[in-house]
Every structure is written in C-alpha cells, then in structure tokens.
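These notes concern the structure reproduced below.
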Amino acid sequence: MGIIKTIQQKLMAGEFSCTELTRAYLDAMERDNGSLNAYVRATPEDALAAAAQVDQKLSVKEALLPLEGVPMTLKDNLCTKGIETTCCSNILKGYVPIYNATVWDILQKQGAVLLGKTNMDEFAMGSSSETSCFGGSLNPHDLSRVAGGSSGGVASAVGGNLAAYGLGSDTGGSIRQPASFCGVTGLKPTYGAVSRFGLVAYASSLDQIGPIAPSAEDCAAVYDVISQYDPMDSTSKGALGPASPHLEDGLRGVRIGVPEEYYDGVRPEVLSALENAMAVYRSLGAEIVPFSLPELKYALPVYYILACAEAASNLGRYDGIRYGYRTEHYNGVHDMVCRTRSEGFGKEVQRRILLGNYVLSSGYYDAYYKKAQGLRGAIVKGFHQAFGKCDIMLAPTVPMTAFPLNFTGADPVETYLTDICTVPVNIAGLPALSTPCGCDQDGLPIGMQLIGNTFCENTILAAAHQYEKAAGQYRRTKWGVSL
Amino acid sequence: MSREYELVAGLETHVELSTKTKIFCSCTTAFGSEPNTHCCPVCIGLPGTLPKLNRQVVRSAIRAGLALDCQISEISKMDRKNYVYPDLPKAYQISQFDKPLCRDGSMELSNGRVIRINRIHIEEDAGKLVHEQGDTFVDYNRGGVPLIEIVTEPDFRSIDEVKEYVERLQLTMKYLGVSDCKMEEGSLRCDVNISVRPKGSAAFGTRTEIKNMNSFTYIARAMEYEFSRQVELLEAGETVVQETLRYDVAAGVTESMRGKEDAQDYRYFRDPDLVTILTTGEEIEQLRASLPELPAQKAARFAGQYGLSPADAALLARYPRCADYFDEAAAGLAKPKTAANFLIGQVFSRLGSESAKEACAIPFDAKALHDLAALVEEGKINMGLAKSTLEKMLDSGKGPGELLSAADMEAVDDAKLTELCRAAIEADPKAVEGYLGGKEKALQALIGAVMRATRGRANAAAAEKVLKGLLQP
C-alpha cells in the first residue's frame with residue numbers, strides 16, 4: 001500500500017492525529033535536514049494550521065479528500081502566496097509571491113499539509129541540485145553522493161522520509177533523475193496535463209510539474225488530483241481521466257518497446273538491472289519489443305538549444321527593478337541591471353542565458369534554434385511512429401547511479417551528457433516516470449524509465465505498480481519519519 | 001542650382017485597442033488612473049505567471065484589417081520580442097513576427113494614390129517611465145494594453161498624404177469602435193520611415209526612422225525638418241546615415257537615438273506560453289458582416305444620395321455622430337443640401353470645438369432640423385427667416401414649431417401676394433408717384449412693405465413682378 005493511503009487510513013483509524021503526524025515530520029526535519037539539506041525553508045506554522053483543520057474534520061468523522069492531511073513538500077520554484085519562493089537563486093532571495101501556483105491552490109483545497117519548500121538547482125538548471133544558492137541536497141542512501149537534480153530537494157526529502165510526497169518540475173529529467181538517484185518514483189506527466197501557472201519558468205515548452213513519492217500508487221494519487229485543466233495556462237489540457245483505477249490493469253499482451261539508442265553507453269550494472277526488469281515484465285505476460293529510434297541521437301543538442309533559448313528569454317525579467325535582489329552600487333539603470341544579474345545569477349544560469357541568447361541571435365538563429373525546432377519535429381514524429389510498435393517504452397533513467405559530490409562542477413558538457421536518457425520525452429511532450437529497479441555494488445539505487453504515449457499516464461503508472469508488486473525495489477532509508 | 005527632391009515615406013502606426021481588458025489578463029485598460037493600480041501578477045510579469053490571449057483583441061484586429069482591405073490569416077501565432085528596458089516587465093514584448101494576423105491591405109487617398117498596407121499585427125503595450133523629483137519611476141498601468149501595429153509600404157510622397165492617411169486611419173478605427181485613437185493620450189502613435197531621392201529616380205535613398213510621434217503637428221514638423229536635413233546632406237555631397245531618430249519637440253529637430261550598427265537584435269522566437277491562433281473563414285465573414293459603413297463609403301453615399309459636394313460629404317463623415325444626425329434629418333427631404341448647409345454652417349460654427357462636433361452636441365434633435373429645412377423647401381419661410389430661427393433653435397434647443405407662429409408660416413400664394421401689393425400701393429402714394437415718375441428705386445419701398453407685411457415670407461422677386469404689373473400705365 002502506498003504511503004498516502006497508509007497515512008489516511010491511520011488518521012481515520014485514530015492511530016495518530018494529523019497534528020501529531022505533522023509534528024513528527026517537523027521534528028524529523030529539524031533533526032535530519034542538517035544532513036540531507038533537502039529543505040531550504042520549513043513552514044511549520046502553515047503546516048500545523050492545516051493539520052489542525054484536518055483534525056477538526058476527523059473529529060466529526062468527516063471523510064478525507066484524496067490527499068487530505070498528508071504532509072508534503074513543494075519544490076522552491078512553485079509559487080506559494082505569502083511564502084518565500086526563490087528558485088534557490090540569490091536573485092530571488094526574499095521574494096514572496098502574491099499568488100499561488102495552480103497546483104498549490106488545488107492541493108491547499110485538498111487539505112494538503114505543506115511542510116516546507118525544497119532545494120533545487122538554481123532555476124532548475126542542473127543535475128545535482130548543487131547549483132542551488134543554498135548548497136546541494138544529499139542523497140539519503142549515501143551522504144557522499146548528490147540527490148540529483150534539479151528537483152534534488154524533493155527526492156531527498158521523500159527518500160529521506162521527510163515528506164510523504166512532493167511536487168517537482170521536470171524540464172529535461174529534473175523529476176526522474178533525482179527520483180532515480182534517491183530510489184523513489186517520480187512522474188513527469190504529458191506536457192499540458194498539469195497547469196504550469198505559478199511554476200517559475202525555466203523552458204516553457206518543456207517544463208512540466210509532477211509528483212515524486214515512494215511508489216507509483218502514490219504518484220498516481222497525486223497525479224489524479226493535480227492534472228486539471230487550468231484556464232490560466234493556455235497550454236493546459238488536463239488529464240483524459242484518472243490513472244489510479246488502472247493500476248491493477250494486467251500487463252498480459254502489453255508491448256514494451258526497448259529503443260536500443262537509450263542503452264548506448266549505459267553502465268553495466270544499470271544495464272543488468274534493466275535486463276532483470278525486462279525479465280520481470282516478461283513473466284507478467286508483457287512482450288519485449290526491441291527497435292531503433294534513430295532520432296534520439298539529436299535529442300541532447302536539441303534540448304540544450306531550445307531550453308537555453310527559452311531560459312534566456314524567461315530569465316530576462318530578473319533585473320532588480322521590481323522584486324528580488326538588486327545590486328548595491330550602480331551608475332544608472334543599465335549598469336544596475338547588468339550588475340544585479342552578474343551578482344544575482346550563478347555560473348550555470350549565466351552560462352545557459354549566454355548560450356540561449358547566442359542561439360537566438362541574428363546570424364546564428366537558422367544554424368541553431370531553427371534547426372533544433374526542425375529536429376524537435378523529427379523526434380516527435382519518431383516517437384509517434386514507435387508507439388505504433390509498442391504500448392510503452394522501457395529505458396534507463398540515467399546511464400549511471402548518483403554522482404559523487406562536486407562531480408558536476410568540473411565539466412559542464414560531461415554533466416549535460418548524463419541527461420541523455422531523460423530529455424527526449426520533454427522534447428516530445430510525452431509522459432514518463434522513473435521507478436527503482438535495483439542497486440549497484442555500492443548500494444546506490446538504479447532507476448528505470450517507463451515512457452508512455454501522450455496522455456497515457458495510466459499505462460506507465462500501471463506498469464510501474466505491477467513491477468513493484470512483483471519485484472519491488474524500494475528501500476527505506478534510515479532518515480526521517482517511520483510510520 | 002539644386003535639383004528637386006522627392007520625399008518617400010512609410011508609416012508604422014500603433015493603435016491602442018479599446019477592449020475592456022488587457023491583452024493577456026483581466027486588468028482594465030482605462031487611462032489616467034493612479035500609477036500601478038491597473039496591474040496584476042500577469043501584466044507585471046511576476047515569476048511563474050502565464051499570458052492568456054484576450055480573443056476580443058483578435059476580433060478587433062481582424063475588423064481593422066478587413067476595413068483596410070487586408071487578407072486575414074486563418075493561422076497565426078504570438079512571438080517574443082526580447083529587449084531590456086525598465087518599462088517592459090518580462091524583458092520581452094509579446095508581439096507577432098512572421099505570421100501577422102492581417103496582411104496585404106490598402107488605403108486609397110483622395111488624390112487617387114493607393115497606400116499599400118504590408119501588415120497589421122497585435123501586441124502588448126509597455127508601461128511608461130515617469131520622471132519626477134529628479135528620480136525615475138515606472139508606471140505599469142499601460143503594460144499589457146492591446147495594440148495593433150499597422151505597417152505601410154514606403155508609398156507616401158508628401159506630408160499631406162501622410163496626414164490624410166493618419167486622419168483616415170484614425171477615423172476608420174473610430175467608426176469600427178476598435179479604438180478611440182486619442183493622440184493626446186498616446187492611443188495612436190506613429191513611427192515614420194523617411195528618405196529622399198532626386199525627382200524621377202526609381203531607387204530609394206537611405207532611410208531614417210523617426211520614432212513615436214503622437215500629434216499631427218509634430219509628425220508634419222518632424223517630416224519637414226527631416227526632409228530638409230536629408231536634402232541638405234545630399235546637396236552638400238554627404239550621405240544620409242541609416243539611424244533611428246527622436247523628434248525633439250522643443251528644439252524642433254530630429255536627433256539620433258541609435259545607429260544601424262547598434263540596431264537591437266530582438267531575438268524573436270515563438271512564445272511557447274501561447275497556442276496557435278486559429279480563425280475560421282466563417283468567423284472572418286461574420287466579422288466582415290459586422291463592419292459599419294466606413295468613412296469613405298459614407299462620404300460617397302452623402303454625395304450621391306443627398307447631392308452634397310464631395311467636400312461637404314467628407315466633412316460630415318468626419319464626425320460619425322453628426323453624420324448619423326444628418327441622415328435622420330435628411331430623410332424625406334427633397335433637397336437635403338439645405339439641411340446639410342444649416343448643419344455645416346451655422347450649427348458647426350456654434351459647436352466650435354472638435355470635441356463638440358465629435359459628440360454632436362446639438363441642443364435640438366434631428367427632427368427639428370428636418371422641420372426647418374422642410375419649411376424652407378415648401379416655401380413657407382424664406383432663407384432669412386430660417387437662418388434667424390436656426391439661431392434661436394441653437395439658443396433655446398426648441399424646434400421651429402415652437403419658435404414660429406402660424407402667421408409666420410402662412411403660405412403667401414399669388415392671390416394673397418396681389419392683395420398685399422395692392423394694399424402697399426394704396427398705402428404709399430408717394431412711392432407710387434416716384435416710381436411712375438421714373439425712380440426705379442421707389443419700388444423698393446413698396447417691396448419692403450410687402451415683405452414687412454409677411455414678416456419676410458413673401459418672395460421679394462415675385463412681389464416686384466406683381467407690383468410692376470399693377471403699376472403698369
């Protein structure tokens with residue numbers, strides 16, 4: 001049973017009150033966050049106020065809404081009215097939004113208990129959460145390793161039992177990669193399934209909000225609540241239907257595609273974990289269908305060109321005029337904007353802004369941006385055709401397990417290459433999740449990626465759930481709350 | 001001896017649309033409130049916010065396009081124009097780059113020349129900087145107000161053509177109700193591209209662009225200045241430098257804002273936050289059917305239907321409310337020109353200001369004007385009495401029925417006239433004597449008496465004829 005259902009059952013059975021549960025999480029955060037650096041901001045007062053309301057409801061035996069009373073966390077790029085939201089960047093330190101992200105509005109109405117905001121790579125740019133102005137989040141399975149990124153804080157909190165679940169954002173793997181590193185499950189929904197309103201934009205055509213939780217069942221429960229059409233987001237569509245009722249759908253006859261390009265350069269222990277997973281799926285009656293998806297070789301450059309171009313434009317607004325950080329000494333408005341941005345943004349963000357402006361500038365636009373847009377179309381088409389041959393696809397989430405600390409600082413291109421397996425679905429707008437499928441010789445979790453066709457979250461969530469039931473690889477860490 | 005030069009100009013006109021709400025949020029577009037009171041997270045571009053296109057903006061822009069004979073794109077999109085300026089809160093303006101909503105339109109000027117319209121696109125306005133107490137502030141109330149930008153080809157050859165085009169454009173937008181085009185509030189602003197070339201030359205000269213002018217006077221002055229400046233440069237054997245200029249109103253000169261080498265690279269790309277704008281042929285036809293009679297059509301109809309001179313017809317068409325008033329007054333008149341003359345003459349002169357004419361602030365209704373013109377038409381009152389009555393109408397707001405007595409309007413037929421003439425002859429034997437004695441002038445006294453007796457209603461010429469008949473020896 002998933003953690004969300006477990007908590008709600010215990011609440012309703014009166015094993016503990018929501019206030020007691022929330023206090024337990026807050027205490028654990030106080031104790032363990034110093035080690036994990038998962039949270040950048042705790043919100044105990046809001047959490048306890050929300051918990052008291054849930055207890056009120058429980059006291060009159062009123063039924064709980066699907067996520068009600070379950071302590072959770074939000075990545076620090078989701079706007080929370082009255083609660084500082086920084087994207088873990090110095091340029092937004094002290095910034096308190098005056099409105100809620102749509103997802104947080106929905107969850108608040110569901111009686112969610114927000115424990116705090118979690119760490120991330122600055123503006124979601126990075127693969128280790130180490131570009132955060134608060135320092136990186138650590139891996140609950142091994143403190144000498146990173147939690148991954150960019151939603152490293154959410155994955156570290158969930159893997160470290162400092163939240164039942166959390167919402168992250170995924171532009172090129174930022175939910176799936178840290179979920180894989182921290183041994184939990186993370187879902188990037190179809191582009192448009194979840195409203196982006198209130199998600200501080202990194203790359204608007206790729207960004208998508210999704211859950212990170214201990215199990216596929218939990219991810220499905222959260223996904224079903226947040227995947228609503230939102231008139232505030234023109235690209236929002238909402239889900240076709242809930243995924244939870246399909247979790248037990250059998251896998252007999254389901255065709256699981258294995259695009260060979262995903263397996264190039266993958267570490268042997270990751271490869272063997274994936275092969276074991278294939279065997280489990282065969283035993284569940286699924287058919288493994290290998291094929292080639294040659295367009296994948298363009299995915300990484302296409303991703304970095306498009307993401308940086310959009311980021312350069314999206315981040316232009318941080319000029320120190322209206323909110324956030326402003327340099328102290330300046331000479332005129334131009335100088336103020338330049339100094340504010342040079343001082344406020346970290347190196348990786350500056351690098352991507354420069355790259356993005358370069359690929360959009362006249363004289364280079366055709367060679368980079370335009371070409372990347374064309375290839376994006378080819379990748380979309382390639383996936384579309386591949387889904388004629390299979391129902392879901394199975395691939396590694398990351399070609400390796402969690403990096404050692406400070407691994408990513410050395411060579412940015414080397415780090416970019418580790419996103420090779422996660423970026424394609426963002427380019428194509430497809431849903432994908434990462435779920436644990438074993439560990440390497442150091443005991444670090446390995447994640448497998450399940451990719452679905454557009455708005456077919458139910459198929460990949462069911463496949464992950466069936467795998468978990470057959471060969472569950474989720475391992476609880478020593479941190480946090482033990483229910 | 002200096003050669004003669006020809007002016008070549010093209011216009012980019014920004015027109016603020018008078019939709020109730022902004023282009024991407026539900027803030028009001030009202031002008032003139034306290035700074036930063038018509039703002040929300042979306043229009044000040046707070047992190048995480050997303051734009052949502054106001055469909056009314058699309059409809060208004062399409063109507064403007066149809067009124068200017070444009071082709072309407074059934075598939076269109078929004079792009080980001082990236083540049084940094086404190087009044088632009090997202091550091092990009094959401095505009096349209098390569099797929100504008102309207103293309104390939106035109107406007108025919110009164111001299112028969114056709115100005116080609118390259119495109120009309122929709123975009124958001126920026127906020128504005130306010131310089132006060134030695135400091136600079138930003139007011140974002142205007143940020144996100146919808147604009148259309150109407151771009152012509154370089155088809156203008158004189159300042160008068162530019163003036164006529166802008167006036168017609170302004171009037172057309174008002175007729176459509178898509179904009180109030182108040183230049184003093186900046187809701188119509190022009191950028192002028194201008195170059196000169198020797199008369200008869202086919203090649204264009206190097207152009208400069210004068211930015212952001214919001215008055216006819218300044219446009220004309222800036223163009224005059226810039227034309228002379230470019231001609232003088234060429235005459236002196238120098239070259240015109242391609243640059244962007246600002247017109248300094250106080251000094252009456254154009255000055256450089258930036259040259260070609262520091263031309264902004266706007267790094268346009270499609271805005272990923274907004275979906276494709278789809279418009280069906282059916283919707284376009286509905287919008288076409290919703291177009292009102294446009295100024296040129298109205299003027300042509302007034303000339304044809306009512307027999308007005310082209311100048312009078314155009315003058316009335318300039319004030320749509322007065323034009324409607326006239327339509328109402330003219331209905332059923334045999335010679336509506338009389339009513340038009342009353343309106344354009346005495347009434348307009350009494351209204352005085354442009355705003356009064358625009359508001360059609362006439363104190364009596366169209367029926368009253370109709371009745372007055374009808375009395376003249378039927379010969380019940382003469383023009384002199386009609387004019388004095390009209391003055392009284394303008395003073396009091398009353399109709400002719402209230403201001404003229406039954407006796408005033410009694411018809412003076414031939415029998416009555418003969419009777420009155422006889423009475424005049426009997427009453428003034430001295431004048432009769434004088435006339436019969438060869439003093440032609442003495443007849444005037446008799447005519448005057450007849451006119452007095454009818455309070456001016458009699459036809460003086462007819463009275464003269466009758467009197468001469470009666471006095472024939």
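How things are named: the first chain in the structure tokens is A, the next is B, and so on; residues count from 1 in each chain; ligands count from 1 in the order shown.
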Selection: 7 Å around region 34-51 of chain B, only C-alpha atoms, excl. self and same-chain fewer than 6 positions, as a list of chain:residue names =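 In the requested form, the answer reads A:Phe197, A:Gly198, A:Leu199, A:Val200, A:Ala201, A:Met232, A:Asp233, B:Phe24, B:Cys25, B:Cys27, B:Thr28, B:Pro89, B:Lys90, B:Asp139, B:Tyr140, B:Asn141, B:Gly143, B:Gly144, B:Asp273.
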I need the chosen residues saved as a PDB file, in the first residue's frame, with N, CA and C atoms.
ATOM      1  N   PHE A 197       0.885  27.230 -14.455  1.00  0.00           N
ATOM      2  CA  PHE A 197       0.697  28.555 -13.874  1.00  0.00           C
ATOM      3  C   PHE A 197       1.252  28.594 -12.458  1.00  0.00           C
ATOM      4  N   GLY A 198       2.216  29.470 -12.246  1.00  0.00           N
ATOM      5  CA  GLY A 198       2.830  29.574 -10.933  1.00  0.00           C
ATOM      6  C   GLY A 198       4.108  28.765 -10.786  1.00  0.00           C
ATOM      7  N   LEU A 199       4.474  28.043 -11.822  1.00  0.00           N
ATOM      8  CA  LEU A 199       5.785  27.387 -11.853  1.00  0.00           C
ATOM      9  C   LEU A 199       6.744  28.399 -12.475  1.00  0.00           C
ATOM     10  N   VAL A 200       7.750  28.815 -11.742  1.00  0.00           N
ATOM     11  CA  VAL A 200       8.686  29.803 -12.275  1.00  0.00           C
ATOM     12  C   VAL A 200       9.390  29.162 -13.475  1.00  0.00           C
ATOM     13  N   ALA A 201       9.230  29.789 -14.634  1.00  0.00           N
ATOM     14  CA  ALA A 201       9.613  29.150 -15.884  1.00  0.00           C
ATOM     15  C   ALA A 201      11.121  29.004 -16.046  1.00  0.00           C
ATOM     16  N   MET A 232      -5.905  29.430 -16.744  1.00  0.00           N
ATOM     17  CA  MET A 232      -4.797  30.381 -16.641  1.00  0.00           C
ATOM     18  C   MET A 232      -3.574  29.946 -17.449  1.00  0.00           C
ATOM     19  N   ASP A 233      -3.555  28.711 -17.909  1.00  0.00           N
ATOM     20  CA  ASP A 233      -2.424  28.206 -18.704  1.00  0.00           C
ATOM     21  C   ASP A 233      -2.976  27.778 -20.060  1.00  0.00           C
TER      22      ASP A 233
ATOM     23  N   PHE B  24      -3.536  40.120 -22.208  1.00  0.00           N
ATOM     24  CA  PHE B  24      -3.214  38.800 -21.647  1.00  0.00           C
ATOM     25  C   PHE B  24      -3.694  38.602 -20.207  1.00  0.00           C
ATOM     26  N   CYS B  25      -4.485  39.523 -19.679  1.00  0.00           N
ATOM     27  CA  CYS B  25      -5.015  39.351 -18.324  1.00  0.00           C
ATOM     28  C   CYS B  25      -6.319  40.111 -18.234  1.00  0.00           C
ATOM     29  N   CYS B  27      -7.046  42.760 -16.325  1.00  0.00           N
ATOM     30  CA  CYS B  27      -6.953  44.128 -15.821  1.00  0.00           C
ATOM     31  C   CYS B  27      -7.632  45.088 -16.795  1.00  0.00           C
ATOM     32  N   THR B  28      -8.151  46.193 -16.249  1.00  0.00           N
ATOM     33  CA  THR B  28      -8.812  47.178 -17.100  1.00  0.00           C
ATOM     34  C   THR B  28      -7.781  47.949 -17.940  1.00  0.00           C
ATOM     35  N   PRO B  89       8.216  44.654 -18.251  1.00  0.00           N
ATOM     36  CA  PRO B  89       8.495  43.861 -17.049  1.00  0.00           C
ATOM     37  C   PRO B  89       8.973  42.430 -17.301  1.00  0.00           C
ATOM     38  N   LYS B  90       8.709  41.855 -18.467  1.00  0.00           N
ATOM     39  CA  LYS B  90       9.177  40.489 -18.719  1.00  0.00           C
ATOM     40  C   LYS B  90      10.495  40.492 -19.489  1.00  0.00           C
ATOM     41  N   ASP B 139       5.466  53.211 -14.319  1.00  0.00           N
ATOM     42  CA  ASP B 139       4.028  53.000 -14.171  1.00  0.00           C
ATOM     43  C   ASP B 139       3.637  51.900 -15.158  1.00  0.00           C
ATOM     44  N   TYR B 140       3.154  50.777 -14.628  1.00  0.00           N
ATOM     45  CA  TYR B 140       2.830  49.631 -15.492  1.00  0.00           C
ATOM     46  C   TYR B 140       1.354  49.567 -15.879  1.00  0.00           C
ATOM     47  N   ASN B 141       0.590  50.631 -15.574  1.00  0.00           N
ATOM     48  CA  ASN B 141      -0.835  50.598 -15.944  1.00  0.00           C
ATOM     49  C   ASN B 141      -1.032  50.308 -17.429  1.00  0.00           C
ATOM     50  N   GLY B 143       1.045  48.760 -19.376  1.00  0.00           N
ATOM     51  CA  GLY B 143       1.661  47.487 -19.752  1.00  0.00           C
ATOM     52  C   GLY B 143       0.593  46.425 -19.990  1.00  0.00           C
ATOM     53  N   GLY B 144       0.606  45.823 -21.177  1.00  0.00           N
ATOM     54  CA  GLY B 144      -0.383  44.795 -21.484  1.00  0.00           C
ATOM     55  C   GLY B 144      -1.645  45.329 -22.131  1.00  0.00           C
ATOM     56  N   ASP B 273       4.334  29.970 -24.450  1.00  0.00           N
ATOM     57  CA  ASP B 273       3.230  30.006 -23.491  1.00  0.00           C
ATOM     58  C   ASP B 273       1.872  30.186 -24.165  1.00  0.00           C
TER      59      ASP B 273
END
Fewer than 2 positions away in the same chain doesn't count, so skip those; otherwise give me all residues within 8 Å of Leu114 (chain A), counting only C-alpha atoms, as a short mmCIF file (atom, residue, chain, number, x, y, z; two decimals) with C-alpha atoms, in the first residue's frame.
data_model
loop_
_atom_site.label_atom_id
_atom_site.label_comp_id
_atom_site.auth_asym_id
_atom_site.auth_seq_id
_atom_site.Cartn_x
_atom_site.Cartn_y
_atom_site.Cartn_z
CA THR A 43 6.78 26.22 7.08
CA ASP A 46 1.26 26.79 7.99
CA ALA A 47 1.70 23.03 8.34
CA ALA A 50 -3.50 22.93 8.02
CA PRO A 71 2.36 16.04 4.84
CA MET A 72 4.16 17.03 1.68
CA THR A 73 6.61 19.46 0.13
CA LEU A 74 6.93 21.72 -2.89
CA ALA A 112 -2.58 19.17 1.91
CA GLY A 116 8.27 23.46 3.56
#
task = Run DSSP on the backbone and give me the residues of region 32-278 of chain B it puts in strand (DSSP E), as a ChimeraX atom specification.
result = /B:71-72,75-76,79-82,92-95,102-108,114-124,128-132,135-139,146-152,188-198,208-213,243-248,253-259,269-270,277-278
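Interatomic distance, CA of Ile122 (chain B) to CA of Glu12 (chain B): 12.8 Å.
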inquiry  = From a backbone DSSP assignment, name each residue in region 95-308 of chain B labelled alpha helix (DSSP H), as a PyMOL selection string.
reply    = chain B and resi 159-176+216-235+281-289+295-306
query = Using only C-alpha atoms, which of the listed residues (B:Glu232, B:Asp365, B:Glu164, B:Asp271) sits closest to chain A?
reply = B:Asp271
message = What does the structure give for the distance between CA of Val241 (chain B) and CA of Ala220 (chain B), in Å to one decimal?
response =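 Answer for the CA of Val241 (chain B) to CA of Ala220 (chain B) separation: 21.2 Å.
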